[in-house]
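In what follows, a structure is listed as structure tokens, so that the remarks can point back to it.
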Amino acid sequence: MLIYDNILNSQIPVFNEKAVCQLGKNLDRTGKLDPKGAEFALTVLKRFKQILSNLKVKKYKAIGTAALREATDAKEFITKAQKIIKKKIIVLSGNKEAENSALGVVIGFQKVNGVVADLGGGSLELARVEKNIIHEKISLPLGVLRLFNQPKKNKNKVKKIISFYLNKIEWLRKNKVKNLYLCGGTWRTLMNAHMIKTNYPLAILHQYKLSGSETLKFANKLNTVKAIKYEKLASATKSRTNYIPIGGFILSNLIRICDPVSVFLSQSGVREGSLISRPYLKVLQNNSLNRSVHFISHKKADYAANYLKLYNFIKNLFSSNEEYFPHRLLLPACSLSNFDWGLGVYQRAELVFQEVINAPILKLSHSDRIKLGLVSFWRHCSTKYYPNVEFVKLLSNEEISACKRIGAALRLASSIGVISNIFFDKIKIYKDSNKDLILKVSKKDAQVISNQVQKRLKSLGDEMKIKSKIIYTN
């Protein structure tokens, strides 16, 4: 169960609890829901309903997937479940589940181009997405629980079953695939294991990116439970370990067929896609990053949206087509860097850095997070200092320099705004025709130009590799 504060403003849940019920454990053999799984699921739903009541959640939605659309006794279970949660359960068709999974990925990425693959217990959903528009979609009976519980005599046929279903999808074979987006707990475990094995510094799974060849190599390594134990995957829970070889084989087949350049892990999928209706999806696609930023700023007590004043003050210094720091990140940088923890300068910089790279915003790539973190760090301390070097290694020298420039600009702005934000409307900063950095202030407001402001203006000029000067006007 996921609970959101406001899903339009922040797609990160404030409550997230999962229970593995195994409703479809022997579905292929019996055609029915697993009795123990069904009993456990109803117990879990009672707990979830109690949590909803305690937290006074009024708006909620319940969805069912593969097991509930296929089991002959699903209707009986749904009736009991609906009485508990006091809400109609929407059972998604296979195609609708594939579509909603793809919508969930679109919500969580800046631009989606490629194939979305959502691997669950009872089925595998695939959808082709180009420029955030969903084209072909399909649901296949290739869930890890379903395949794991095949009769012993069919165990050797599992790989053939997987290959058969995947190879017959014409659009998967014929369309060139740039990216493969993975959803689902088994693949999440697999990608998390890779992150740990390689000592990747940013412990955020969403938008974790590997090359297609690197993913294939890792998936092939984990083809048996014995191999998983040999690899010492500390992140793999006992309940997931049995399914990783199946998930790995499905993944390796997908990569061989569609040959993606990059593979991404998506934390958002069918649940998020099922919650967002079509009209709101357009709003999120166009403006979700800025909506999230405004929401977080308000939560952090910036009720007057002062970050907008910072943004308007410095925005003309930086090109809208900046190669190493996307312009869409400038507004978030002004907001997120403004978290003041009231500690010593260096400690404050480190704490804000950690807060920013873990910001609850799905649209941010790992590169985006580190850039915003560095800008925030240098907003709070001199550019001669560095945070955790492991993070910095993930960016190029040019990207680091761009972060220093923006951090220095915000550091200058903060020393001007410390007296009053009203001075952001009275003082102008710009590059003149000679490309010199100019701070223009009226003589009556000259008291704002402290030694600190002068030093920070020079520091910004040094980072931009241009001369800086102050012009006083009447």
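Chain labels A, B, ... are given in the sequence in which chains occur in the structure tokens; within each chain residues are numbered consecutively from 1, and ligands are likewise numbered from 1 in the order shown.
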(request) With a distance cut-off of 8 Å and only C-alpha atoms, select the neighbouring residues of region 215-224 of chain A, excluding the residue or stretch itself and same-chain residues fewer than 3 positions from it, and output the selection as a ChimeraX atom specification. (result) /A:190,194,210-212,227-228,244-246,248-249,251-252,255,263
Can you write out the residues you just picked, keeping C-alpha atoms, as a PDB file, in the first residue's frame?
ATOM      1  CA  LEU A 190      18.809  -7.454  -9.157  1.00  0.00           C
ATOM      2  CA  HIS A 194      24.625  -4.568  -8.898  1.00  0.00           C
ATOM      3  CA  LEU A 210      23.536   0.662 -16.789  1.00  0.00           C
ATOM      4  CA  SER A 211      24.547  -0.065 -20.353  1.00  0.00           C
ATOM      5  CA  GLY A 212      22.687  -2.882 -22.090  1.00  0.00           C
ATOM      6  CA  ALA A 227      25.287 -18.546  -8.292  1.00  0.00           C
ATOM      7  CA  ILE A 228      23.351 -15.932  -6.309  1.00  0.00           C
ATOM      8  CA  ILE A 244      16.155 -13.832  -9.410  1.00  0.00           C
ATOM      9  CA  PRO A 245      17.372 -16.542 -11.864  1.00  0.00           C
ATOM     10  CA  ILE A 246      13.991 -16.434 -13.649  1.00  0.00           C
ATOM     11  CA  GLY A 248      17.551 -12.617 -14.864  1.00  0.00           C
ATOM     12  CA  PHE A 249      16.755 -14.993 -17.722  1.00  0.00           C
ATOM     13  CA  LEU A 251      15.908  -9.806 -18.682  1.00  0.00           C
ATOM     14  CA  SER A 252      18.772 -11.335 -20.675  1.00  0.00           C
ATOM     15  CA  ILE A 255      18.174  -7.424 -23.959  1.00  0.00           C
ATOM     16  CA  VAL A 263      18.828   0.038 -19.039  1.00  0.00           C
TER      17      VAL A 263
END
(request) Compile the contact shell of Ala203 (chain A) as a ChimeraX atom specification: residues with an atom at most 12 Å away, counting only C-alpha atoms, same-chain residues fewer than 3 positions apart removed. (result) /A:191-196,198-200,206-208,354,357-358,366,369-370,390-391
(request) Might you pull out every residue within 9 Å of region 421-437 of chain A, with only C-alpha atoms counted and same-chain residues fewer than 2 positions away left off, and present them as JSON, numbers by chain? (result) {"A": [306, 309, 310, 312, 313, 314, 316, 317, 413, 416, 417, 418, 419, 439, 440, 441, 442, 445, 448, 457, 460, 461, 464, 466, 467, 468, 469, 470]}
Would you output that residue set with N, CA and C atoms, as a PDB file, in the first residue's frame?
ATOM      1  N   ASN A 306      10.429  32.356  -1.674  1.00  0.00           N
ATOM      2  CA  ASN A 306      11.573  33.258  -1.843  1.00  0.00           C
ATOM      3  C   ASN A 306      12.565  32.754  -2.883  1.00  0.00           C
ATOM      4  N   LYS A 309      12.651  34.602  -6.099  1.00  0.00           N
ATOM      5  CA  LYS A 309      13.425  35.850  -6.140  1.00  0.00           C
ATOM      6  C   LYS A 309      14.894  35.557  -6.449  1.00  0.00           C
ATOM      7  N   LEU A 310      15.418  34.491  -5.845  1.00  0.00           N
ATOM      8  CA  LEU A 310      16.796  34.071  -6.148  1.00  0.00           C
ATOM      9  C   LEU A 310      16.934  33.730  -7.628  1.00  0.00           C
ATOM     10  N   ASN A 312      15.056  34.689 -10.230  1.00  0.00           N
ATOM     11  CA  ASN A 312      14.951  35.866 -11.105  1.00  0.00           C
ATOM     12  C   ASN A 312      16.200  36.735 -11.034  1.00  0.00           C
ATOM     13  N   PHE A 313      16.886  36.700  -9.885  1.00  0.00           N
ATOM     14  CA  PHE A 313      18.090  37.512  -9.716  1.00  0.00           C
ATOM     15  C   PHE A 313      19.255  36.978 -10.547  1.00  0.00           C
ATOM     16  N   ILE A 314      19.418  35.649 -10.600  1.00  0.00           N
ATOM     17  CA  ILE A 314      20.616  35.096 -11.259  1.00  0.00           C
ATOM     18  C   ILE A 314      20.372  34.517 -12.652  1.00  0.00           C
ATOM     19  N   ASN A 316      19.629  35.428 -15.632  1.00  0.00           N
ATOM     20  CA  ASN A 316      20.185  35.998 -16.866  1.00  0.00           C
ATOM     21  C   ASN A 316      21.682  35.753 -17.026  1.00  0.00           C
ATOM     22  N   LEU A 317      22.322  35.283 -15.958  1.00  0.00           N
ATOM     23  CA  LEU A 317      23.757  34.987 -16.046  1.00  0.00           C
ATOM     24  C   LEU A 317      24.029  33.674 -16.769  1.00  0.00           C
ATOM     25  N   ALA A 413      24.092  35.809  -4.071  1.00  0.00           N
ATOM     26  CA  ALA A 413      22.702  36.241  -3.873  1.00  0.00           C
ATOM     27  C   ALA A 413      22.288  36.132  -2.406  1.00  0.00           C
ATOM     28  N   ILE A 416      23.381  39.052  -0.387  1.00  0.00           N
ATOM     29  CA  ILE A 416      22.592  40.262  -0.660  1.00  0.00           C
ATOM     30  C   ILE A 416      21.220  40.157   0.005  1.00  0.00           C
ATOM     31  N   GLY A 417      20.616  38.979  -0.079  1.00  0.00           N
ATOM     32  CA  GLY A 417      19.274  38.783   0.467  1.00  0.00           C
ATOM     33  C   GLY A 417      19.233  38.634   1.970  1.00  0.00           C
ATOM     34  N   VAL A 418      20.403  38.521   2.628  1.00  0.00           N
ATOM     35  CA  VAL A 418      20.422  38.306   4.075  1.00  0.00           C
ATOM     36  C   VAL A 418      19.843  39.507   4.819  1.00  0.00           C
ATOM     37  N   ILE A 419      19.976  40.714   4.231  1.00  0.00           N
ATOM     38  CA  ILE A 419      19.389  41.913   4.847  1.00  0.00           C
ATOM     39  C   ILE A 419      17.883  41.935   4.595  1.00  0.00           C
ATOM     40  N   LEU A 439      27.646  44.181 -11.204  1.00  0.00           N
ATOM     41  CA  LEU A 439      26.648  44.280 -10.143  1.00  0.00           C
ATOM     42  C   LEU A 439      26.254  45.751 -10.055  1.00  0.00           C
ATOM     43  N   LYS A 440      25.019  46.050 -10.403  1.00  0.00           N
ATOM     44  CA  LYS A 440      24.555  47.437 -10.502  1.00  0.00           C
ATOM     45  C   LYS A 440      23.650  47.768  -9.319  1.00  0.00           C
ATOM     46  N   VAL A 441      24.033  48.827  -8.558  1.00  0.00           N
ATOM     47  CA  VAL A 441      23.290  49.174  -7.354  1.00  0.00           C
ATOM     48  C   VAL A 441      23.214  50.695  -7.228  1.00  0.00           C
ATOM     49  N   SER A 442      22.111  51.203  -6.730  1.00  0.00           N
ATOM     50  CA  SER A 442      21.983  52.654  -6.540  1.00  0.00           C
ATOM     51  C   SER A 442      22.779  53.074  -5.308  1.00  0.00           C
ATOM     52  N   ASP A 445      21.421  52.538  -1.853  1.00  0.00           N
ATOM     53  CA  ASP A 445      21.414  51.161  -1.334  1.00  0.00           C
ATOM     54  C   ASP A 445      22.831  50.604  -1.170  1.00  0.00           C
ATOM     55  N   VAL A 448      24.287  47.789   1.226  1.00  0.00           N
ATOM     56  CA  VAL A 448      24.142  46.346   0.970  1.00  0.00           C
ATOM     57  C   VAL A 448      25.473  45.730   0.545  1.00  0.00           C
ATOM     58  N   LEU A 457      31.285  38.358  -5.127  1.00  0.00           N
ATOM     59  CA  LEU A 457      31.184  38.795  -6.525  1.00  0.00           C
ATOM     60  C   LEU A 457      32.469  38.436  -7.266  1.00  0.00           C
ATOM     61  N   LEU A 460      32.585  34.712  -7.895  1.00  0.00           N
ATOM     62  CA  LEU A 460      31.726  34.335  -9.021  1.00  0.00           C
ATOM     63  C   LEU A 460      32.405  34.680 -10.341  1.00  0.00           C
ATOM     64  N   GLY A 461      33.005  35.866 -10.417  1.00  0.00           N
ATOM     65  CA  GLY A 461      33.727  36.252 -11.630  1.00  0.00           C
ATOM     66  C   GLY A 461      34.864  35.294 -11.935  1.00  0.00           C
ATOM     67  N   MET A 464      33.498  32.165 -13.381  1.00  0.00           N
ATOM     68  CA  MET A 464      33.009  32.383 -14.746  1.00  0.00           C
ATOM     69  C   MET A 464      34.141  32.777 -15.695  1.00  0.00           C
ATOM     70  N   ILE A 466      35.718  35.665 -15.883  1.00  0.00           N
ATOM     71  CA  ILE A 466      35.530  37.015 -16.421  1.00  0.00           C
ATOM     72  C   ILE A 466      35.792  38.036 -15.312  1.00  0.00           C
ATOM     73  N   LYS A 467      36.035  39.294 -15.708  1.00  0.00           N
ATOM     74  CA  LYS A 467      36.236  40.362 -14.732  1.00  0.00           C
ATOM     75  C   LYS A 467      34.905  40.716 -14.084  1.00  0.00           C
ATOM     76  N   SER A 468      34.982  41.185 -12.845  1.00  0.00           N
ATOM     77  CA  SER A 468      33.762  41.599 -12.147  1.00  0.00           C
ATOM     78  C   SER A 468      33.947  43.003 -11.585  1.00  0.00           C
ATOM     79  N   LYS A 469      32.858  43.771 -11.562  1.00  0.00           N
ATOM     80  CA  LYS A 469      32.925  45.110 -10.966  1.00  0.00           C
ATOM     81  C   LYS A 469      31.540  45.559 -10.505  1.00  0.00           C
ATOM     82  N   ILE A 470      31.559  46.548  -9.606  1.00  0.00           N
ATOM     83  CA  ILE A 470      30.318  47.108  -9.075  1.00  0.00           C
ATOM     84  C   ILE A 470      30.128  48.495  -9.661  1.00  0.00           C
TER      85      ILE A 470
END
(message) Here is a test: counting only C-alpha atoms, which residue of A:Thr186, A:Asn175, A:Ser262, A:Gln150 is nearest to Gly121 (chain A)?
(response)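 Ranking A:Thr186, A:Asn175, A:Ser262, A:Gln150 by distance to Gly121 (chain A), first place goes to A:Thr186.
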(message) Give me, as a VMD selection string, the residues of region 105-353 of chain A that a backbone DSSP run labels helix (DSSP H, G or I).
(response) chain A and resid 105 to 108 144 to 148 152 to 167 170 to 174 185 to 197 212 to 221 225 to 231 238 to 241 244 to 258 270 to 275 278 to 299 307 to 317 327 to 336 345 to 353
For the residues selected in the previous step, produce a file with C-alpha atoms as a compact mmCIF listing (two decimals), in the first residue's frame.
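The resulting file, part.txt, is shown below:
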# COMPACT_ATOMS: atom_id res chain seq x y z
CA VAL A 105 7.44 5.31 -15.88
CA VAL A 106 6.51 8.43 -17.87
CA ILE A 107 5.62 10.12 -14.57
CA GLY A 108 9.04 9.22 -13.15
CA VAL A 144 8.21 -15.05 -11.68
CA LEU A 145 5.84 -16.73 -9.20
CA ARG A 146 3.93 -18.43 -12.02
CA LEU A 147 7.12 -19.75 -13.66
CA PHE A 148 8.76 -20.77 -10.37
CA LYS A 152 8.86 -30.29 -11.70
CA LYS A 153 8.64 -32.00 -15.07
CA ASN A 154 8.18 -28.60 -16.71
CA LYS A 155 11.03 -26.85 -14.86
CA ASN A 156 13.44 -27.44 -17.74
CA LYS A 157 10.90 -25.95 -20.12
CA VAL A 158 10.72 -22.60 -18.32
CA LYS A 159 13.49 -21.06 -20.42
CA LYS A 160 11.82 -22.31 -23.59
CA ILE A 161 8.49 -20.83 -22.46
CA ILE A 162 10.14 -17.45 -21.83
CA SER A 163 11.94 -17.47 -25.19
CA PHE A 164 8.77 -18.54 -27.02
CA TYR A 165 6.62 -15.67 -25.74
CA LEU A 166 9.26 -12.96 -26.11
CA ASN A 167 10.42 -13.97 -29.60
CA GLU A 170 7.08 -8.60 -33.69
CA TRP A 171 7.24 -4.95 -32.59
CA LEU A 172 9.82 -5.85 -29.94
CA ARG A 173 12.12 -7.36 -32.57
CA LYS A 174 11.61 -4.83 -35.35
CA GLY A 185 10.50 -6.20 -7.22
CA THR A 186 12.66 -8.95 -8.75
CA TRP A 187 14.46 -6.58 -11.10
CA ARG A 188 14.69 -3.99 -8.34
CA THR A 189 16.54 -6.58 -6.24
CA LEU A 190 18.81 -7.45 -9.16
CA MET A 191 19.73 -3.82 -9.89
CA ASN A 192 20.22 -3.08 -6.20
CA ALA A 193 22.61 -6.03 -6.02
CA HIS A 194 24.63 -4.57 -8.90
CA MET A 195 24.72 -1.18 -7.18
CA ILE A 196 26.11 -2.75 -4.00
CA LYS A 197 28.60 -5.02 -5.81
CA GLY A 212 22.69 -2.88 -22.09
CA SER A 213 25.85 -5.00 -22.28
CA GLU A 214 26.69 -4.51 -18.59
CA THR A 215 23.15 -5.47 -17.56
CA LEU A 216 23.26 -8.58 -19.76
CA LYS A 217 26.57 -9.66 -18.25
CA PHE A 218 25.26 -9.27 -14.69
CA ALA A 219 21.93 -11.00 -15.42
CA ASN A 220 23.76 -13.97 -16.97
CA LYS A 221 25.88 -14.32 -13.82
CA VAL A 225 20.26 -19.84 -6.80
CA LYS A 226 23.73 -21.32 -6.20
CA ALA A 227 25.29 -18.55 -8.29
CA ILE A 228 23.35 -15.93 -6.31
CA LYS A 229 24.67 -17.35 -3.04
CA TYR A 230 28.20 -17.40 -4.50
CA GLU A 231 27.87 -13.73 -5.45
CA LYS A 238 15.05 -14.99 1.03
CA SER A 239 11.64 -14.51 -0.64
CA ARG A 240 13.28 -12.93 -3.70
CA THR A 241 16.31 -15.22 -4.08
CA ILE A 244 16.15 -13.83 -9.41
CA PRO A 245 17.37 -16.54 -11.86
CA ILE A 246 13.99 -16.43 -13.65
CA GLY A 247 13.96 -12.62 -13.62
CA GLY A 248 17.55 -12.62 -14.86
CA PHE A 249 16.75 -14.99 -17.72
CA ILE A 250 13.74 -12.93 -18.81
CA LEU A 251 15.91 -9.81 -18.68
CA SER A 252 18.77 -11.33 -20.67
CA ASN A 253 16.29 -12.49 -23.34
CA LEU A 254 14.76 -9.02 -23.54
CA ILE A 255 18.17 -7.42 -23.96
CA ARG A 256 19.20 -9.88 -26.69
CA ILE A 257 15.98 -9.23 -28.60
CA CYS A 258 15.71 -5.45 -28.39
CA VAL A 270 1.64 0.39 -12.41
CA ARG A 271 0.62 1.83 -9.03
CA GLU A 272 1.55 5.41 -9.89
CA GLY A 273 0.19 5.02 -13.42
CA SER A 274 -3.13 3.76 -12.05
CA LEU A 275 -3.49 6.75 -9.71
CA ARG A 278 -5.21 11.33 -18.22
CA PRO A 279 -5.98 15.06 -17.70
CA TYR A 280 -3.53 15.26 -14.79
CA LEU A 281 -0.87 13.34 -16.70
CA LYS A 282 -0.46 16.26 -19.11
CA VAL A 283 0.01 18.62 -16.17
CA LEU A 284 2.72 16.37 -14.73
CA GLN A 285 4.53 15.96 -18.05
CA ASN A 286 4.71 19.71 -18.60
CA ASN A 287 5.45 20.96 -15.12
CA SER A 288 5.96 18.19 -12.59
CA LEU A 289 9.54 19.16 -11.65
CA ASN A 290 8.57 22.74 -10.78
CA ARG A 291 5.39 21.59 -9.01
CA SER A 292 7.47 19.25 -6.84
CA VAL A 293 9.99 22.00 -6.10
CA HIS A 294 7.28 24.43 -5.01
CA PHE A 295 5.64 21.72 -2.88
CA ILE A 296 8.91 20.84 -1.12
CA SER A 297 9.79 24.51 -0.56
CA HIS A 298 6.44 25.07 1.10
CA LYS A 299 6.99 21.99 3.27
CA TYR A 307 13.48 30.89 -4.12
CA LEU A 308 11.71 32.57 -7.06
CA LYS A 309 13.43 35.85 -6.14
CA LEU A 310 16.80 34.07 -6.15
CA TYR A 311 15.98 32.55 -9.53
CA ASN A 312 14.95 35.87 -11.10
CA PHE A 313 18.09 37.51 -9.72
CA ILE A 314 20.62 35.10 -11.26
CA LYS A 315 18.82 33.55 -14.26
CA ASN A 316 20.19 36.00 -16.87
CA LEU A 317 23.76 34.99 -16.05
CA HIS A 327 18.44 25.22 -17.52
CA ARG A 328 15.44 23.26 -16.18
CA LEU A 329 17.55 22.57 -13.04
CA LEU A 330 18.17 26.24 -12.25
CA LEU A 331 14.85 26.81 -10.48
CA PRO A 332 15.19 23.60 -8.40
CA ALA A 333 18.75 24.67 -7.54
CA CYS A 334 17.49 27.99 -6.18
CA SER A 335 14.89 26.23 -4.06
CA LEU A 336 16.71 23.15 -2.79
CA VAL A 345 29.18 26.64 7.52
CA TYR A 346 30.92 23.41 6.51
CA GLN A 347 28.52 21.10 8.37
CA ARG A 348 25.56 22.98 6.90
CA ALA A 349 26.94 22.52 3.39
CA GLU A 350 27.35 18.77 3.91
CA LEU A 351 23.88 18.33 5.40
CA VAL A 352 22.16 20.32 2.68
CA PHE A 353 24.13 18.36 0.07
(request) Would you return as a list in words the members of region 30-109 of chain A that DSSP assigns to strand (DSSP E) on this structure's backbone? (result)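 Of region 30-109 of chain A, only Ala62, Ile63, Gly64, Ile89, Ile90 and Val91 of chain A fall in strand (DSSP E).
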(message) With distances taken over only C-alpha atoms, which residue among A:Glu130, A:Ala71, A:Gly104, A:Gln11 lies nearest Arg29 (chain A)?
(response)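 Under the stated criterion, the closest residue is A:Ala71.
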(request) Give the answer as one residue: which of A:Lys32, A:His135, A:Arg405, A:Lys58 has the shortest atom-to-atom distance to Glu70 (chain A), using only C-alpha atoms? (result)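 Nearest to Glu70 (chain A): A:Lys32.
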(message) From the options A:Pro201, A:Gly143, A:Gly37, A:Gly31, which residue's atoms come nearest to Tyr243 (chain A), counting only C-alpha atoms?
(response)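 Ranking A:Pro201, A:Gly143, A:Gly37, A:Gly31 by distance to Tyr243 (chain A), first place goes to A:Gly143.
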(request) Write out as JSON, numbers by chain each polymer residue whose atoms come within 12 Å of region 393-404 of chain A, counting only C-alpha atoms; drop sequence neighbours fewer than 4 positions from it. (result) {"A": [200, 201, 202, 317, 318, 319, 322, 323, 324, 325, 326, 327, 329, 330, 333, 337, 366, 367, 368, 369, 370, 371, 372, 373, 374, 375, 376, 377, 378, 379, 380, 381, 382, 383, 384, 385, 386, 387, 388, 389, 408, 409, 410, 411, 459, 460, 461, 462, 463, 464, 465]}
(request) Determine, counting only C-alpha atoms, which protein, DNA and RNA residues have an atom within 9 Å of an atom of Phe109 (chain A); residues of the same chain fewer than 4 positions away are not included. Present the result as a PyMOL selection string. (result) chain A and resi 105+207+266+362-365
(request) Work out how far apart CA of Leu45 (chain A) and CA of Asp73 (chain A) are and give it in Å to one decimal. (result)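 Atom-to-atom, CA of Leu45 (chain A) and CA of Asp73 (chain A) are spaced 18.1 Å apart.
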(message) Please determine, counting only C-alpha atoms, which residue among A:Gln452, A:Gln82, A:Ser93, A:Asn474 has the shortest atom-to-atom distance to Glu125 (chain A).
(response)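 The shortest atom-to-atom distance to Glu125 (chain A) comes from A:Ser93.
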(message) Using only C-alpha atoms, can you tell me which of A:Ala62, A:Asn451, A:Leu103, A:Leu27 comes closest to Lys87 (chain A)?
(response)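 Selected residue with least distance to Lys87 (chain A): A:Ala62.
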(request) Could you tell me how far CA of Leu205 (chain A) lies from CA of Val392 (chain A), in Å and to one decimal? (result) 18.3 Å
